[in-house]
Each structure stands twice: as C-alpha cells, then as structure tokens.
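First up is the structure itself, then whatever we jot down about it.
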Amino acid sequence: MQRYIFSRLIQSVCILFGVLSIVFFMMQMTGDPVSLLLSRHATPQEVEALREELGFNRPIAIQFTSFISKAIVGDFGKSFRHQLPAMDLILERLPATVELASTALLISLILGIPLGLISGSNPGSFWDLMSRGTGLLGQTIPNFWLALILILVFSVNLGWFPSFGRDTWTFMGMTLPTRSVILPAFSLSLFTMGQLIRFTRSAVLEIRSEDYVRTAYSKGIADRKVYIRHILRNASIPLISIVGVQFGYLLSGSIYIETIFSWPGLGNLLAESIGNRDFALVQAIAFFSSFVVVALNLLTDIAYGLADPRIRYE
Amino acid sequence: MRKILEVKDLVTRFYTFDGVVHALSGVSFDLYKGETLGIVGESGSGKSVTMMSLLHLLPSPPAKIENGQALYYGDADDKPDTNNKPDADNKPIDLLKLNKSGIRKIRGGKIGFIFQDALSALNPVMTIGRQIGETLIEHLGMSVQQAKTRTIEMLEYVGIPEPQRRFSSYPHQFSGGMRQRTMIALAIACNPKIIIADEPTTALDVTVQAQIIELVQRLKKEMNMSVIWITHDLGVVAGMADRVVVMYAGAPVEIAPVDELYYNPGHPYTIKLLGALPKIGEKESLRLESIDGTPPDLLSPPAHCQFAWRCSHVQEKCWKIVPEQKEISSGHYAACLFDFADKTPIPPLM
Amino acid sequence: MVKRENMDTNSTGSTVSNQMTTGLAVDEKQETGFWHFVKYIGKLLARDRAGTIGLVMFVIVVMSAIFAPWISPHDPMKQNLRYAKKPPAWYQEGTIQYPLGTDNLGRDICSRIIYGSRVSLTVGFFGVLIASSFGIVIGLFSGYKGGRVDNIIMGGVNMILALPYLVFVVFIAAILGSSLLNVILIFGFTDIPIFVRITRGEVIKMRASGFVESAQSIGATSNRIIFSHILPNLIGPIVTIATFEMSAMIFYEAGLGFLGLSVPPSVPSWGNMLAIGRKYLVSYPWIATFPGLAIVFTGLGMNLLGDWLRDVLDPRMRRIKK
C-alpha cells in the first residue's frame, strides 16, 4: 500500500511538472505580452524598458526556470488587469466554485446512484428504460443550454429561483449556500448524473453475474442481504474512482454555468480573463485547476486502494 | 441403501434471442446416502446446469425449468423443521417446487455447493471469516461471536494452518489449494446432507488436486454426507466415485456403478470416452483416441439420438428415435438402442 | 424473440421437431459473405430499436448538412430587419414564412440550424479524423514496441488525460483565435490520447491472446502482422469510440461558440446561435431554444448509434446469448 501511494504520488508530481511546462510554452504562443500592457502609442523605448523590467528579454530557458521556481511557491505573477497577484484572485473565487461543484456532486449522487441501482437490478423493466433514458439525456443535453431553459422556466416564468448571482447567509460563523445555488448546480450536475446512472447500472449488472454472487446465493443467504453485502459493496468500489474524477470535472468544468449565472467563481474568472486577454491569470487558473484535478485523482486512488483489500494488502 | 435425492425428467431451457436452447432434456438419476456420485461429460453437456437447476441458481430469464421433479429425502435424525416441515415425517420435498424461502433453507443448509474456481467464487472484498460466518448466522441463527468460533473450527477442520489468523484474511492472500479448502469449509459449515462439487479441482495442480479429493472423501465419511462430484476427468471419477452418470447433450447416456462402467461400458459415447483416456502401460497404441466431431448445437436438437453424428455404430433407426434409458444389468442403465455391454471389453485401468 | 412453435415436449422430456435438420446448426451460423452481413445487420437493427432510431437521427443530421442549400427556406446569412424577432409559426405573431422564427437581425432560425449542422459535422468529422489517424499510429507503435517507448508515450497520454479538458481547450482557443480550422485542430490534437489509449489497449490484448506470436512464428513480418492481423480487429472499437468522440466534439464546439471562441460570429453555428439567444433569452426565448434542441437531437442520435455499434462491431458479441 505504501508503495502504491508512493508511486501515485510520484506520478502526480510528474503530471504537474508537465502541466507547468505546457502552460509556460502556451504563454509563449500568445505573442508579446508587453504589447497588451502598453497603449498602442507607446514608443519602442518604453516597450523595451517594460520588457526589461518584467524579464521578457531573458533567454527562454532562464525564463522557464524562474517561472517554475516561482510557480512552486504559488507565485504566478500579477494579473495585468487587476494588478493583483493571480493566486490571490483565484483563492478569492475558490469558495464559490467549491460550493457550486459540491452541490452539483451531491445532486448527481442523490439522483444518479439510486437510478443506476434500480436500473441495474431490474434490467429491461420500465424503470430501467426510464433511468437509461435519463442517463442518456444527461449526457447529451448541453449544460449551457439547459441552464438557459431552467432560467426561462424557473426564474423568469415561475420566479422560484434567482436567475443570476450568488447569495449566502451566515450562520454561527459559517457561510452557507442559499437557493441561488440550486439552478446552476442542477445544470452542472446533469452530465455527472448521466455518467453515474450508466456507470452504476453497468457495475451492478456486471457484479450480479459474478461467481461470488452465485456462491452467496448458494449459501442460502436472503436476497436482500446478498444484494447489500455482496453486490452493492463490490459495486461501490469502482464508484469511488468515478466520483473522484467527476468531482474534478465539476470543479474545473463550470465555465459555462458560472458565466450564465454570473456566479463569482473560478470559471467566471477564467471567462473574464480570456475576454480581457489577461493571460497571466488564465495561465494561473489553468495550472490551479489541473492541480486540483490531479490532487483529487491522487486522493481517489488512495481511497480506492483503501477500499479494495486486493490493493490494500499488496 | 436409502435414496437421499431423486431427480426425475428434469428439463431446463434457455430462452435466448437466437432461439430456445435445450440445455437439459430429461435428466433422471438417484443419489444414495453416503455415496459419491460422479457426473462426467464434455463442457456444455449440462452437468452444471443440472445442479444449478436443483438449487434455482440459474438466472431466470433466460433459464426456465420446464419439467421434472427433484425429490429430497430428509434424514430421520434431522431436526424437525417447524416452518417448512421438509423432514418431519421423512416425506420427500420437491426442490423444484419450493418457493424462495424454502429453497434458501436447502441451499447451504441441506445442500452445500463447491464451485470450480475458488478465486472468483469467493467475494474478493470480504474476509474469509465473514463469508463462512454469514452462512452460519443465516442457517443456524448463531451470534457473531459463536459464528466466529465455529468458523475457526471449520477452517482448522479442512486443514487451513493458523485458522485464528486466517479468519481475517482475504481470498487473494490464499494459495489456490487453501482457497479451495475455504470453499469446502464454506459448503460444509452447516452440516449439509449433500455436497455438490462442481469441478473443484480443475484449476489446481495435480498434487493439490489429490489433497482436495482426499479431503472431500474424509469429510464425506466423517460427516455422513453424500457427494455429487462433477468433472470432465474420468480418471478422477475412477478413483473416488461409487457410481457414475455420463452426460451428453443435456441428458444422461449412461448410469452405472464405477467398476461396471469402466469394465463394461454400455453406450458408444462412454466407450469412446474411455478410449480417449490415457492409459498407463499400454504399448501398442501410442495415439490417444479422440472423438470426432463436436457436440450438437442445443439450439435445435432433432428428435433422435444426439450422439448419432459422432457414433461409429450408427444405424438407420438411430436417426429416428430418441433412445430411452434401459437397464442392461442391475443398476446399470444406458440410453442406446443397441446393447454394447460385454461386446467391447476394455482392459482394466490400473 | 423467436419461439419455435413446432417443438413440444413428450413424456420423457426430449424434444420432437417436425422438421428434420442436420443438427449441426453450428456450421450454418458460420456462413459469411456480403448478403449474410446485410441480413445480419438488418436482424440486429430489428432487434435493437434504439440503434435504429439513433441511425435515423444521425442520417437526418448528415443529410441536412449535405443538402443544406436545397432544403433551407432562406439564406442563413440574409438579414431582414423588418421581420426581426419573429416567433415560430405556431405563435399568433409568427408567419409560416419563418417556421422557427427569426433572430435579432431577422435571419431565419430554421435555415441557420440546417446550415449549423455543417459546422458541427465538419468539426466532428475532421477532428475525429485527425485524432484517430494520429492516435492509431501512435497507439500501434506504442503497443507493438512496448518497453521504454511505450512507457514514455503512455506517460504523456495519461498526463494529458488527467488535465481539466475544458479549461485547456478554452485556453488554447483563446490564444489561437477563432476560426474553423483552429477549432478542428484543437479538438483533433487534444483528442489524440483517447485513440492512443484504445488502440494500444487492443494491441496489448491481442498480443496477450497469442495470435500475434503465432503469426510471427510462421514468419509474418511486422508490417504484415500490423496491417492484416491487428488493424482489422481494431476497426470495431475505433469506430465505436469515434462515434462517441465525434458527439463530444460537437458538444464542445457548441460550448466554445457559446463563449465566442469558435467560428466567427457571422457564421451560422449552433454555438453562435446560442450565444445570441442568451442575450435575448427573456424576451425572445426561441432564439436559444431551437439550436439547443438541434444539439440534443444530434447528440442523442450519435450516442444511441454508438451504443449499438459497440454491440454490433465487437465480433465477440455476435453470438452472445442475451
């Protein structure tokens, strides 16, 4: 198990180093960042002075090393637009994104897993058809379109939920979400819900036909107990990894939803900074999202290893 | 000898998209108390399907038991079961007619099942101890602590070293032989009357195979059980079975006491099978005989002898009639229109 | 389900059939040839209604892309401010002239949706073409060579697959600027790892199954093994995954268009239409509704088709008993 965790850890570090290089070299493709900072009427001397000041005239290898060494301590430079450290802006926006992604994950778990279980336990039934249909729709309806439709129906026509923005309320020092999170979280959760339905269904179907389930039946155990102890327990292990991956997707994939609902999170910040061509900030967000996703994958792998004795006692 | 199980005219079919697969077409055999019954046949001949049908273990759909009876005669010394009363006055119960809770009492409680590949037949994420204890709690109403004590006893009984420590191990931490021993402990945990062993030694190497056979034989004697041993290996059967059922294409073609079967086979299929068995000390024929052709597709079996295509003695009437089982000598039945016994003497095996 | 009606059970439980067959039905099943294949596909389609529906939906989208100039009622680019913001025909203010209404500049929504399928399918098709051709070559190389080369390639593949896809696609699109070619290139190249992984997985599986060794042992060259033994077995999984990836690309293209990072705003594409529709969502909701429905229709069709292809193209599944 220690060796397993260690090798996963090394892998993650390698991936993050790769991400840093990709992000750095993509920035080189954006052209001269200095031209974005100065007005069009700046003299060549002024441009040169700024290049000197920001270190853009150094050899690329030097720039790369300095970029990496700064990035390790979380320094991605200043946002051209906000004139604030990029990392500070990201951390300021993070809670909103986490709130949105966790709510979305919760919704998709609550809806997706039971539907998948019903579907997998009664293949071919009416409920199976309904669940599979829901799963398929979840995977094919674009969330940015669904968000528009939900706003139209539930905010504009029915007036149940606000159509944009994030409200919170504070209770005993904790910042808690309000109903403003429901619409964006639901739109965001749809794809994950579809994945969970399909995945849970196929996991249950597969495990139902495993030899050890037949053994459990041959022992004379009650059907309900076979279902809970043998089928569900075994199906829940691969679910751990899909949930981990999906949480990463939700955290990094909320660009459209945050834009549509003016949700003050990371995705919104990314869309804004792309609009402003504020590439230092884009770069920092790209790296930060990758970091979150990679860290989540690592945690998921460890949780998977703990849950599966075949890995735990390696 | 007293009968403990009597299977009559068992018909099981699979309703698939391609059509109806006639997996079992009229299987009948008896099992006596304290005997080992070997069931031999090629893969797909219906050996396992027969046993799974008895315990309602086939997935339905597609499987459907269409006909037949499986009478289980309980023991007089069995505790009278007040709910189900299967054994109270030694009246047989038809396993095929039992409802869900009825068959559940039989599974594990009266009939234990040992599966072929213990690695896939044991739950990989549950400890060995819990998997055995689960049965004890279910059938004998034991507490968790009682079940643990008993499980450790059982593990020791089937020859697993350090049962205290092994109790909380997982299947993948065991060797193949130990896993099969665990499987056996699991099957015998509740003192069943019958053990069905479905090719339990196929995945094991030969020395371990011998140990497992020996273990089952010892347990059978000590616990006064009957054993149904399914295999495709005639050599294994020769060494341990009292009687043998030879199955082909979903029906028994020959049932005979083991010596009778080997010295005096009554069905052309058995004769060919014995010819395909390697013999020690035989010089003149270095080639192993093989049986030409393949078993018939059970999707559309025509109404005549299923062995006709591969039989070297086939006659015109073989293509017209389904041969019935007939007794060719005491306790020796064969489903062939002709009498082959005594005409093809086979040299003794060992 | 085919039930054999002429079968009944006699007293011994054996079956009686009126027609005499050879009994060796196994051999009949092995017949090959074009007609058999067509009949076989027909049979599979009849069996799987979802697959048929998916195929029909996909064909409708492809047809509307090919025949766009002939079937669209209007020029998709033509503005007609007098008829701007007309609702669909079934509303009181709507006219049959513009069946799905018009957008803010008086362009016909129906025609723009029909032309929009061209952008979506072009991106999907060429994106998958690039991704699959590079992916198959790299995957074959990696799986066939094995060892160090394989480790390095798979390290890269796993790294790219671990990244937050959307963030990077948006990032690259923002840097490169919006044009059809750029969008195709972005999806084509970022999707290579998927095809590398699937190809390599199949190659490794085939190597393990031993028939590559048996081909080598009778003296087949590497090229011959790859082209006549490995590639044919790859077609099934590749076509299946290509269907799903194409549907994903159509989805992501619309998303980029929605953020204004795909084709230029004047080009009729579903994503661009949604971006306009969002601005007029409250007053003129139909502008956003119909392009969304078009995306759902295409995605649904391709997913149903992909599920069906997965079953049909896997040779191991052919004779499966369900």
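By order of appearance in the structure tokens: chains A, B, ..., then residues from 1 within every chain, and ligands from 1 in the order shown.
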So which residues of stretch 123-279 of chain C fall under alpha helix (DSSP H) by DSSP, listed as number ranges by chain? C: 123-145, 147-162, 165-176, 180-190, 192-209, 211-217, 222-224, 231-258, 270-279
Please find the residues of chain A near chain B - the criterion being any atom within 6 Å, counting only C-alpha atoms - and write them as a ChimeraX atom specification. /A:211-212,215,218-220,309
Selection: 9 Å around stretch 121-128 of chain C, only C-alpha atoms, excl. self and same-chain fewer than 6 positions, as a compact mmCIF listing (two decimals) with all heavy atoms, in the first residue's frame:
# COMPACT_ATOMS: atom_id res chain seq x y z
N VAL C 61 -29.33 14.30 -39.65
CA VAL C 61 -28.38 15.40 -39.47
C VAL C 61 -27.41 15.47 -40.64
O VAL C 61 -27.14 16.55 -41.19
CB VAL C 61 -27.62 15.25 -38.13
CG1 VAL C 61 -26.61 16.37 -37.98
CG2 VAL C 61 -28.59 15.25 -36.96
N VAL C 62 -26.88 14.30 -41.05
CA VAL C 62 -25.91 14.28 -42.15
C VAL C 62 -26.57 14.80 -43.43
O VAL C 62 -25.99 15.62 -44.16
CB VAL C 62 -25.37 12.85 -42.37
CG1 VAL C 62 -24.51 12.78 -43.62
CG2 VAL C 62 -24.57 12.41 -41.16
N ALA C 65 -26.96 18.48 -43.48
CA ALA C 65 -25.70 19.18 -43.71
C ALA C 65 -25.35 19.16 -45.19
O ALA C 65 -24.95 20.17 -45.78
CB ALA C 65 -24.59 18.54 -42.89
N LEU C 180 -12.55 28.22 -38.02
CA LEU C 180 -12.97 26.83 -38.14
C LEU C 180 -11.76 25.89 -38.08
O LEU C 180 -11.77 24.88 -37.37
CB LEU C 180 -13.74 26.64 -39.46
CG LEU C 180 -14.37 25.27 -39.64
CD1 LEU C 180 -15.42 25.01 -38.57
CD2 LEU C 180 -15.00 25.15 -41.01
N LEU C 181 -10.70 26.28 -38.80
CA LEU C 181 -9.52 25.43 -38.85
C LEU C 181 -8.92 25.25 -37.45
O LEU C 181 -8.59 24.14 -37.03
CB LEU C 181 -8.48 26.04 -39.79
CG LEU C 181 -7.24 25.17 -39.98
CD1 LEU C 181 -7.60 23.87 -40.68
CD2 LEU C 181 -6.15 25.92 -40.74
N VAL C 183 -10.41 25.46 -34.58
CA VAL C 183 -11.26 24.60 -33.75
C VAL C 183 -11.01 23.14 -34.08
O VAL C 183 -10.84 22.30 -33.19
CB VAL C 183 -12.74 24.98 -33.95
CG1 VAL C 183 -13.63 24.01 -33.19
CG2 VAL C 183 -13.00 26.39 -33.46
N ILE C 184 -10.96 22.84 -35.39
CA ILE C 184 -10.72 21.44 -35.79
C ILE C 184 -9.38 20.97 -35.25
O ILE C 184 -9.26 19.88 -34.70
CB ILE C 184 -10.76 21.32 -37.33
CG1 ILE C 184 -12.18 21.54 -37.83
CG2 ILE C 184 -10.23 19.96 -37.77
CD1 ILE C 184 -12.30 21.59 -39.33
N LEU C 185 -8.35 21.83 -35.40
CA LEU C 185 -7.02 21.43 -34.95
C LEU C 185 -7.00 21.21 -33.44
O LEU C 185 -6.42 20.24 -32.94
CB LEU C 185 -5.98 22.48 -35.35
CG LEU C 185 -5.69 22.55 -36.85
CD1 LEU C 185 -4.67 23.64 -37.14
CD2 LEU C 185 -5.19 21.20 -37.37
N ILE C 186 -7.65 22.10 -32.70
CA ILE C 186 -7.65 21.96 -31.24
C ILE C 186 -8.28 20.63 -30.84
O ILE C 186 -7.69 19.84 -30.10
CB ILE C 186 -8.44 23.11 -30.58
CG1 ILE C 186 -7.68 24.43 -30.75
CG2 ILE C 186 -8.65 22.83 -29.09
CD1 ILE C 186 -8.49 25.63 -30.31
N PHE C 187 -9.48 20.36 -31.37
CA PHE C 187 -10.13 19.10 -30.99
C PHE C 187 -9.36 17.90 -31.52
O PHE C 187 -9.20 16.90 -30.83
CB PHE C 187 -11.57 19.07 -31.50
CG PHE C 187 -12.48 20.00 -30.74
CD1 PHE C 187 -13.41 20.78 -31.40
CD2 PHE C 187 -12.39 20.08 -29.36
CE1 PHE C 187 -14.24 21.64 -30.70
CE2 PHE C 187 -13.21 20.94 -28.66
CZ PHE C 187 -14.14 21.72 -29.33
N GLY C 188 -8.87 18.02 -32.75
CA GLY C 188 -8.12 16.91 -33.35
C GLY C 188 -6.92 16.54 -32.49
O GLY C 188 -6.71 15.37 -32.19
N PHE C 189 -6.16 17.53 -32.07
CA PHE C 189 -4.94 17.19 -31.35
C PHE C 189 -5.17 16.87 -29.89
O PHE C 189 -4.50 15.99 -29.34
CB PHE C 189 -3.89 18.30 -31.54
CG PHE C 189 -3.22 18.22 -32.87
CD1 PHE C 189 -3.66 18.98 -33.94
CD2 PHE C 189 -2.19 17.31 -33.07
CE1 PHE C 189 -3.07 18.85 -35.19
CE2 PHE C 189 -1.58 17.18 -34.31
CZ PHE C 189 -2.03 17.96 -35.38
N ASP C 191 -7.56 15.34 -28.72
CA ASP C 191 -8.28 14.08 -28.58
C ASP C 191 -7.42 12.87 -28.94
O ASP C 191 -7.87 11.74 -28.82
CB ASP C 191 -9.53 14.10 -29.47
CG ASP C 191 -10.69 13.40 -28.81
OD1 ASP C 191 -10.75 13.41 -27.57
OD2 ASP C 191 -11.51 12.81 -29.52
N ILE C 192 -6.18 13.13 -29.40
CA ILE C 192 -5.32 12.01 -29.79
C ILE C 192 -5.17 10.97 -28.66
O ILE C 192 -5.28 9.78 -28.90
CB ILE C 192 -3.94 12.53 -30.27
CG1 ILE C 192 -4.11 13.27 -31.60
CG2 ILE C 192 -2.95 11.39 -30.43
CD1 ILE C 192 -2.85 13.92 -32.10
N ALA C 242 -14.99 6.48 -31.99
CA ALA C 242 -15.04 7.65 -32.87
C ALA C 242 -16.44 8.27 -32.85
O ALA C 242 -16.58 9.50 -32.84
CB ALA C 242 -14.66 7.26 -34.30
N THR C 243 -17.47 7.44 -32.80
CA THR C 243 -18.83 7.97 -32.75
C THR C 243 -19.03 8.80 -31.48
O THR C 243 -19.54 9.90 -31.53
CB THR C 243 -19.84 6.81 -32.74
OG1 THR C 243 -19.45 5.88 -33.74
CG2 THR C 243 -21.23 7.30 -33.02
N GLU C 245 -16.71 10.16 -29.62
CA GLU C 245 -15.83 11.34 -29.60
C GLU C 245 -16.38 12.42 -30.51
O GLU C 245 -16.29 13.61 -30.22
CB GLU C 245 -14.42 10.95 -30.03
CG GLU C 245 -13.67 10.17 -28.96
CD GLU C 245 -13.71 10.86 -27.61
OE1 GLU C 245 -13.26 12.02 -27.51
OE2 GLU C 245 -14.20 10.26 -26.64
N MET C 246 -16.94 12.02 -31.65
CA MET C 246 -17.49 12.99 -32.58
C MET C 246 -18.65 13.72 -31.90
O MET C 246 -18.76 14.94 -32.00
CB MET C 246 -17.98 12.25 -33.82
CG MET C 246 -18.30 13.16 -34.96
SD MET C 246 -18.44 12.18 -36.46
CE MET C 246 -19.47 13.29 -37.41
N SER C 247 -19.47 12.97 -31.20
CA SER C 247 -20.57 13.60 -30.50
C SER C 247 -20.05 14.55 -29.42
O SER C 247 -20.57 15.66 -29.24
CB SER C 247 -21.48 12.51 -29.94
OG SER C 247 -21.84 12.75 -28.63
N ALA C 248 -18.97 14.16 -28.74
CA ALA C 248 -18.40 15.04 -27.72
C ALA C 248 -17.85 16.31 -28.35
O ALA C 248 -17.99 17.41 -27.81
CB ALA C 248 -17.30 14.30 -26.96
N MET C 249 -17.22 16.17 -29.53
CA MET C 249 -16.65 17.36 -30.18
C MET C 249 -17.74 18.33 -30.60
O MET C 249 -17.57 19.55 -30.50
CB MET C 249 -15.86 16.93 -31.42
CG MET C 249 -14.50 16.38 -31.07
SD MET C 249 -13.63 15.92 -32.55
CE MET C 249 -12.31 14.97 -31.83
N ILE C 250 -18.86 17.81 -31.09
CA ILE C 250 -19.98 18.66 -31.47
C ILE C 250 -20.46 19.45 -30.26
O ILE C 250 -20.71 20.66 -30.32
CB ILE C 250 -21.10 17.79 -32.08
CG1 ILE C 250 -20.64 17.27 -33.43
CG2 ILE C 250 -22.40 18.57 -32.21
CD1 ILE C 250 -21.59 16.30 -34.08
N GLU C 253 -17.74 22.03 -29.36
CA GLU C 253 -17.71 23.12 -30.35
C GLU C 253 -18.81 24.12 -30.03
O GLU C 253 -18.59 25.33 -30.05
CB GLU C 253 -17.87 22.55 -31.76
CG GLU C 253 -17.63 23.55 -32.87
CD GLU C 253 -18.81 24.45 -33.17
OE1 GLU C 253 -19.98 24.00 -33.02
OE2 GLU C 253 -18.60 25.62 -33.52
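For the choices A:Ala61, A:Leu129, A:Ile68, A:Leu183, the atom-to-atom distance to chain C is smallest for A:Leu129 when using only C-alpha atoms.
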Chain A contacts on chain C, only C-alpha atoms, 10 Å, as an MDAnalysis selection string: chainID C and resid 155:156 158:160 162:168 170:177 247:248 251:252 254:256 258:261 271 274:275 277:278 281:283 285 288:293 295:304
According to DSSP computed on the backbone, where in stretch 4-250 of chain A is there strand (DSSP E)? Give the residues as a ChimeraX atom specification. /A:168-171,174-177
Specify as number ranges by chain all residues of chain B found within 9 Å of chain C, counting only C-alpha atoms. B: 9-11, 15-20, 22, 24-27, 62, 66-68, 251, 294-304, 306, 309, 322, 324
Quick one: residues within 7 Å of stretch 224-240 of chain A, only C-alpha atoms, excluding same-chain residues fewer than 6 positions away - as a ChimeraX atom specification? /A:203-204,207-208,213,216-217,300,304,307-308
Considering only C-alpha atoms, return as a PDB file with all heavy atoms, in the first residue's frame whatever protein or nucleic-acid residues lie within 12 Å of stretch 217-225 of chain C, sequence-local ones (same chain, fewer than 6 positions apart) excluded.
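Everything below was put into out32.pdb:
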ATOM      1  N   LEU C 140      -0.499   2.051 -32.085  1.00  0.00           N
ATOM      2  CA  LEU C 140       0.065   0.818 -32.640  1.00  0.00           C
ATOM      3  C   LEU C 140       1.544   0.737 -32.320  1.00  0.00           C
ATOM      4  O   LEU C 140       2.047  -0.295 -31.865  1.00  0.00           O
ATOM      5  CB  LEU C 140      -0.102   0.803 -34.167  1.00  0.00           C
ATOM      6  CG  LEU C 140      -1.446   0.354 -34.736  1.00  0.00           C
ATOM      7  CD1 LEU C 140      -1.445   0.526 -36.247  1.00  0.00           C
ATOM      8  CD2 LEU C 140      -1.706  -1.100 -34.389  1.00  0.00           C
ATOM      9  N   PHE C 141       2.220   1.848 -32.549  1.00  0.00           N
ATOM     10  CA  PHE C 141       3.658   1.899 -32.307  1.00  0.00           C
ATOM     11  C   PHE C 141       3.950   1.576 -30.841  1.00  0.00           C
ATOM     12  O   PHE C 141       4.745   0.702 -30.518  1.00  0.00           O
ATOM     13  CB  PHE C 141       4.154   3.302 -32.668  1.00  0.00           C
ATOM     14  CG  PHE C 141       5.627   3.461 -32.552  1.00  0.00           C
ATOM     15  CD1 PHE C 141       6.478   2.841 -33.457  1.00  0.00           C
ATOM     16  CD2 PHE C 141       6.166   4.226 -31.536  1.00  0.00           C
ATOM     17  CE1 PHE C 141       7.835   2.986 -33.347  1.00  0.00           C
ATOM     18  CE2 PHE C 141       7.542   4.379 -31.425  1.00  0.00           C
ATOM     19  CZ  PHE C 141       8.374   3.750 -32.330  1.00  0.00           C
ATOM     20  N   TYR C 144       2.929  -2.013 -29.901  1.00  0.00           N
ATOM     21  CA  TYR C 144       3.696  -3.050 -30.586  1.00  0.00           C
ATOM     22  C   TYR C 144       5.129  -3.080 -30.105  1.00  0.00           C
ATOM     23  O   TYR C 144       5.712  -4.137 -29.905  1.00  0.00           O
ATOM     24  CB  TYR C 144       3.634  -2.804 -32.092  1.00  0.00           C
ATOM     25  CG  TYR C 144       4.000  -4.013 -32.895  1.00  0.00           C
ATOM     26  CD1 TYR C 144       3.083  -5.050 -33.069  1.00  0.00           C
ATOM     27  CD2 TYR C 144       5.260  -4.136 -33.461  1.00  0.00           C
ATOM     28  CE1 TYR C 144       3.416  -6.171 -33.780  1.00  0.00           C
ATOM     29  CE2 TYR C 144       5.596  -5.254 -34.178  1.00  0.00           C
ATOM     30  CZ  TYR C 144       4.684  -6.272 -34.345  1.00  0.00           C
ATOM     31  OH  TYR C 144       5.016  -7.394 -35.045  1.00  0.00           O
ATOM     32  N   LYS C 145       5.711  -1.874 -29.892  1.00  0.00           N
ATOM     33  CA  LYS C 145       7.101  -1.811 -29.452  1.00  0.00           C
ATOM     34  C   LYS C 145       7.228  -2.222 -27.985  1.00  0.00           C
ATOM     35  O   LYS C 145       8.134  -2.937 -27.614  1.00  0.00           O
ATOM     36  CB  LYS C 145       7.647  -0.387 -29.620  1.00  0.00           C
ATOM     37  CG  LYS C 145       8.010  -0.053 -31.049  1.00  0.00           C
ATOM     38  CD  LYS C 145       9.443  -0.452 -31.362  1.00  0.00           C
ATOM     39  CE  LYS C 145       9.734  -0.144 -32.818  1.00  0.00           C
ATOM     40  NZ  LYS C 145      10.466  -1.139 -33.533  1.00  0.00           N
ATOM     41  N   VAL C 203      -4.092  -3.582 -28.892  1.00  0.00           N
ATOM     42  CA  VAL C 203      -2.880  -4.270 -29.348  1.00  0.00           C
ATOM     43  C   VAL C 203      -2.339  -5.150 -28.236  1.00  0.00           C
ATOM     44  O   VAL C 203      -1.997  -6.320 -28.452  1.00  0.00           O
ATOM     45  CB  VAL C 203      -1.810  -3.250 -29.811  1.00  0.00           C
ATOM     46  CG1 VAL C 203      -0.508  -3.962 -30.129  1.00  0.00           C
ATOM     47  CG2 VAL C 203      -2.293  -2.493 -31.025  1.00  0.00           C
ATOM     48  N   MET C 206      -4.397  -8.167 -27.845  1.00  0.00           N
ATOM     49  CA  MET C 206      -4.174  -9.143 -28.913  1.00  0.00           C
ATOM     50  C   MET C 206      -2.849  -9.845 -28.754  1.00  0.00           C
ATOM     51  O   MET C 206      -2.738 -11.035 -29.008  1.00  0.00           O
ATOM     52  CB  MET C 206      -4.224  -8.443 -30.252  1.00  0.00           C
ATOM     53  CG  MET C 206      -5.620  -8.387 -30.803  1.00  0.00           C
ATOM     54  SD  MET C 206      -5.592  -7.530 -32.332  1.00  0.00           S
ATOM     55  CE  MET C 206      -6.307  -6.018 -31.837  1.00  0.00           C
ATOM     56  N   ARG C 207      -1.843  -9.091 -28.320  1.00  0.00           N
ATOM     57  CA  ARG C 207      -0.541  -9.731 -28.102  1.00  0.00           C
ATOM     58  C   ARG C 207      -0.679 -10.820 -27.053  1.00  0.00           C
ATOM     59  O   ARG C 207      -0.121 -11.901 -27.171  1.00  0.00           O
ATOM     60  CB  ARG C 207       0.489  -8.711 -27.624  1.00  0.00           C
ATOM     61  CG  ARG C 207       0.835  -7.686 -28.650  1.00  0.00           C
ATOM     62  CD  ARG C 207       2.138  -7.043 -28.278  1.00  0.00           C
ATOM     63  NE  ARG C 207       3.211  -7.990 -28.463  1.00  0.00           N
ATOM     64  CZ  ARG C 207       4.318  -7.731 -29.145  1.00  0.00           C
ATOM     65  NH1 ARG C 207       4.505  -6.557 -29.659  1.00  0.00           N
ATOM     66  NH2 ARG C 207       5.243  -8.637 -29.274  1.00  0.00           N
ATOM     67  N   GLY C 210      -2.062 -14.194 -28.024  1.00  0.00           N
ATOM     68  CA  GLY C 210      -1.142 -15.176 -28.599  1.00  0.00           C
ATOM     69  C   GLY C 210      -1.173 -15.280 -30.103  1.00  0.00           C
ATOM     70  O   GLY C 210      -0.321 -15.933 -30.682  1.00  0.00           O
ATOM     71  N   PHE C 211      -2.140 -14.617 -30.774  1.00  0.00           N
ATOM     72  CA  PHE C 211      -2.153 -14.882 -32.205  1.00  0.00           C
ATOM     73  C   PHE C 211      -1.120 -14.064 -32.957  1.00  0.00           C
ATOM     74  O   PHE C 211      -0.723 -14.416 -34.054  1.00  0.00           O
ATOM     75  CB  PHE C 211      -3.562 -14.815 -32.798  1.00  0.00           C
ATOM     76  CG  PHE C 211      -4.067 -13.467 -33.168  1.00  0.00           C
ATOM     77  CD1 PHE C 211      -3.654 -12.882 -34.348  1.00  0.00           C
ATOM     78  CD2 PHE C 211      -4.981 -12.815 -32.369  1.00  0.00           C
ATOM     79  CE1 PHE C 211      -4.146 -11.654 -34.719  1.00  0.00           C
ATOM     80  CE2 PHE C 211      -5.456 -11.587 -32.735  1.00  0.00           C
ATOM     81  CZ  PHE C 211      -5.041 -11.003 -33.901  1.00  0.00           C
ATOM     82  N   LEU C 231      -4.869  -4.482 -37.360  1.00  0.00           N
ATOM     83  CA  LEU C 231      -5.788  -3.412 -37.773  1.00  0.00           C
ATOM     84  C   LEU C 231      -7.237  -3.868 -37.945  1.00  0.00           C
ATOM     85  O   LEU C 231      -8.149  -3.215 -37.444  1.00  0.00           O
ATOM     86  CB  LEU C 231      -5.277  -2.731 -39.047  1.00  0.00           C
ATOM     87  CG  LEU C 231      -4.383  -1.517 -38.812  1.00  0.00           C
ATOM     88  CD1 LEU C 231      -4.014  -0.876 -40.137  1.00  0.00           C
ATOM     89  CD2 LEU C 231      -5.076  -0.486 -37.931  1.00  0.00           C
ATOM     90  N   PRO C 232      -7.474  -4.981 -38.632  1.00  0.00           N
ATOM     91  CA  PRO C 232      -8.875  -5.388 -38.803  1.00  0.00           C
ATOM     92  C   PRO C 232      -9.597  -5.580 -37.474  1.00  0.00           C
ATOM     93  O   PRO C 232     -10.778  -5.258 -37.351  1.00  0.00           O
ATOM     94  CB  PRO C 232      -8.765  -6.721 -39.533  1.00  0.00           C
ATOM     95  CG  PRO C 232      -7.460  -6.703 -40.203  1.00  0.00           C
ATOM     96  CD  PRO C 232      -6.555  -5.891 -39.347  1.00  0.00           C
ATOM     97  N   ASN C 233      -8.883  -6.046 -36.482  1.00  0.00           N
ATOM     98  CA  ASN C 233      -9.511  -6.252 -35.181  1.00  0.00           C
ATOM     99  C   ASN C 233      -9.746  -4.944 -34.441  1.00  0.00           C
ATOM    100  O   ASN C 233     -10.470  -4.900 -33.463  1.00  0.00           O
ATOM    101  CB  ASN C 233      -8.633  -7.148 -34.312  1.00  0.00           C
ATOM    102  CG  ASN C 233      -8.833  -8.597 -34.653  1.00  0.00           C
ATOM    103  OD1 ASN C 233      -9.883  -9.149 -34.395  1.00  0.00           O
ATOM    104  ND2 ASN C 233      -7.849  -9.186 -35.285  1.00  0.00           N
TER     105      ASN C 233
END
Atom pair atom CA of B:Pro161 / atom CA of B:Leu219: separation (Å):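 So the two atoms, atom CA of B:Pro161 and atom CA of B:Leu219, lie 17.3 Å apart.
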